[in-house]
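Note sheet for the following structure.
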Amino acid sequence: MDTLQAIRARCSYRGKYAAVKVLREHLEKIMRAGLAAPSGCNKQTTSLIAVDDSLVLERLHVVIQPPIGESAPAMVCVLTRRIVSYRNKCYAVQDYSAAIENMLLAAVSLGYQSCWVEGHVTDDGEIGRRMAQILGVPDEYELVCFLPIGVAEEPCAPAQKLPFAERAWFNAFGRNG
């Protein structure tokens with residue numbers, strides 16, 4: 001699958017996953033795609049943990065509330081470190097966002113689906129911190145997201161997007177032509 005096809009085929013999959021193992025070599029390719037993403041001032045603030053052990057997945061899903069991706073045979077947990085760089089700025093959010101999008105596209109290109117699960121991981125419920133404890137993540141890292149990875153059991157339709165002309169223009173805001 002070429003890159004543009006993968007972009008169009010990607011969706012936020014929240015359905016059931018088929019009982020098909022995600023190959024370790026595919027998890028590695030997905031993570032390598034994430035780590036190949038650009039990083040502000042090359043600080044490389046993003047780190048990743050792939051989980052494909054069913055017992056570890058069970059322990060993680062106990063703390064993930066509301067439940068999401070519980071039938072996925074694997075997940076990638078996204079970690080960040082808040083490292084100050086150029087002009088006293090921190091680009092950790094941009095870094096891990098770029099890594100996540102690369103991984104979502106890599107997953108689709110390998111025949112899997114996923115979903116960027118961040119909102120309730122980083123909210124006041126401390127889900128990310130509890131997941132990090134299960135995985136033995138050092139305190140200087142924050143677990144900010146996880147991506148369930150697996151073969152979609154149901155069709156995955158990308159979200160409806162507003163027309164191009166309503167969101168993208170040439171040479172000035174609102175101008176096409």
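In the structure tokens, chains take the letters A, B, ... in the order shown, each chain's residues start at 1, and ligands count up from 1 in the order shown.
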
Surrounding residues of A:Glu154 excluding itself and chain neighbours under 5 positions, 10 Å, only C-alpha atoms, as a PyMOL selection string: chain A and resi 13-18

Residue contacts of A:Ser12 (7 Å, only C-alpha atoms) excluding same-chain residues fewer than 5 positions away, as a PyMOL selection string: chain A and resi 114-116

Write the residues you've just listed into a file as an mmCIF file, in the first residue's frame, and include C-alpha atoms for each of them.
data_model
loop_
_atom_site.group_PDB
_atom_site.id
_atom_site.type_symbol
_atom_site.label_atom_id
_atom_site.label_comp_id
_atom_site.auth_asym_id
_atom_site.auth_seq_id
_atom_site.Cartn_x
_atom_site.Cartn_y
_atom_site.Cartn_z
ATOM 1 C CA SER A 114 -5.872 1.109 15.455
ATOM 2 C CA CYS A 115 -7.118 4.137 17.345
ATOM 3 C CA TRP A 116 -5.257 7.040 18.950
#

Determine which residues of stretch 3-177 of chain A DSSP labels as helix (DSSP H, G or I) from the backbone of this structure, then write them out as a PyMOL selection string. chain A and resi 3-9+24-35+40-42+54-63+86-88+92-109+119-122+127-135+164-167

Please report, as an MDAnalysis selection string, each residue of stretch 4-170 of chain A to which DSSP assigns strand (DSSP E or B) when run on this structure's backbone. chainID A and resid 12 17 46:51 74:80 84 90 113:114 117 142:150 152

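Across A:Val151, A:Val62, A:Val84, A:Cys145, the tightest approach to A:Val108 is made by A:Val151 when counting only C-alpha atoms.
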
Residue contacts of A:Ala107 (12 Å, only C-alpha atoms) excluding same-chain residues fewer than 6 positions away, as a ChimeraX atom specification: /A:1,3,6-7,9-13,22-23,25-34,74-76,100-101,113-116,147-152

Output C-alpha atoms of each residue in that selection to a file, as a compact mmCIF listing (two decimals), in the first residue's frame.
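Okay, selection-v3.txt is ready:
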# COMPACT_ATOMS: atom_id res chain seq x y z
CA MET A 1 0.00 0.00 0.00
CA THR A 3 1.42 6.28 1.60
CA ALA A 6 -2.73 4.34 3.82
CA ILE A 7 -3.75 7.90 4.70
CA ALA A 9 -7.63 3.90 4.65
CA ARG A 10 -6.74 4.97 8.20
CA CYS A 11 -9.60 5.41 10.60
CA SER A 12 -10.09 5.53 14.35
CA TYR A 13 -11.14 1.90 14.80
CA VAL A 22 0.11 -9.33 15.43
CA LEU A 23 3.53 -10.47 14.26
CA GLU A 25 8.21 -8.11 13.18
CA HIS A 26 5.16 -6.01 12.32
CA LEU A 27 5.11 -4.42 15.78
CA GLU A 28 8.77 -3.57 15.31
CA LYS A 29 8.06 -2.02 11.89
CA ILE A 30 5.23 0.02 13.39
CA MET A 31 7.45 1.26 16.22
CA ARG A 32 10.36 2.00 13.87
CA ALA A 33 7.96 4.11 11.79
CA GLY A 34 7.04 6.02 14.94
CA ALA A 74 -1.36 -5.99 20.85
CA MET A 75 -0.90 -2.36 21.75
CA VAL A 76 1.80 0.24 21.54
CA ILE A 100 1.64 8.35 16.54
CA GLU A 101 0.49 9.35 13.07
CA GLN A 113 -6.28 -0.96 12.31
CA SER A 114 -5.87 1.11 15.45
CA CYS A 115 -7.12 4.14 17.35
CA TRP A 116 -5.26 7.04 18.95
CA LEU A 147 -2.64 2.34 20.22
CA PRO A 148 -4.54 -0.96 20.17
CA ILE A 149 -3.24 -2.89 17.17
CA GLY A 150 -5.00 -5.72 15.38
CA VAL A 151 -6.98 -6.94 12.41
CA ALA A 152 -10.37 -5.22 12.32

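Minimum atom-to-atom distances from A:Met131, A:Ala37, A:Pro155, A:Ser71 to A:Val56 were compared using only C-alpha atoms, and the lowest value belongs to A:Met131.
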
If we count only C-alpha atoms, what is near A:Glu118 at a cut-off of 10 Å, once residues fewer than 4 positions away on the same chain are taken out, given as a CSV table (one decimal) with C-alpha atoms, in the first residue's frame?
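Everything below was put into selection.csv:
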chain,number,residue,atom,x,y,z
A,78,VAL,CA,3.5,6.0,23.8
A,122,THR,CA,-4.1,11.6,30.4
A,123,ASP,CA,-7.1,13.0,32.2
A,127,ILE,CA,-4.9,5.9,33.8
A,128,GLY,CA,-1.6,6.7,32.1
A,143,LEU,CA,2.6,7.4,29.3
A,144,VAL,CA,0.4,9.7,27.2
A,145,CYS,CA,-1.3,7.4,24.7
A,146,PHE,CA,-1.8,3.8,23.6
A,147,LEU,CA,-2.6,2.3,20.2

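Comparing the minimum interatomic distances between A:Pro67 and each of A:His120, A:Arg82, A:Lys89, A:Arg24, counting only C-alpha atoms, we find that A:His120 sits nearest.
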
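Between atom CA of A:Met103 and atom CA of A:Arg129 the interatomic distance comes to 22.1 Å.
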
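One distance worth recording is that between atom CA of A:Lys43 and atom CA of A:Ala92, which is 8.6 Å.
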
Near-A:Leu79 list (7 Å; only C-alpha atoms; drop same-chain fewer than 2 positions) as an MDAnalysis selection string: chainID A and resid 46:48 77 141:144

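Proximity of A:Gln133, A:Arg87, A:Gly119, A:Glu58 to A:Pro73, computed with only C-alpha atoms, is greatest for A:Glu58.
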
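For the atom pair formed by atom CA of A:Gln94 and atom CA of A:Thr45, the distance is 9.7 Å, given to one decimal.
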
Skip A:Ser39 itself and residues of its chain fewer than 3 positions away, then list as number ranges by chain all residues within 6 Å of it, counting only C-alpha atoms. A: 42, 44, 95

Writer output for current selection, C-alpha atoms, as a compact mmCIF listing (two decimals), in the first residue's frame:
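Heads up, here's the output in out-v8.txt:
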# COMPACT_ATOMS: atom_id res chain seq x y z
CA ASN A 42 16.05 16.29 17.44
CA GLN A 44 13.72 12.52 20.50
CA ASP A 95 7.06 14.83 18.76

From the set A:Asn102, A:Leu135, A:Leu110, A:Gly69, which residue has the shortest atom-to-atom contact distance to A:Leu55, counting only C-alpha atoms? A:Leu135

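Shortest separation to A:Val63 among A:Pro138, A:Glu126, A:Gln5, A:Ser85 occurs at residue A:Glu126, atoms counted being only C-alpha atoms.
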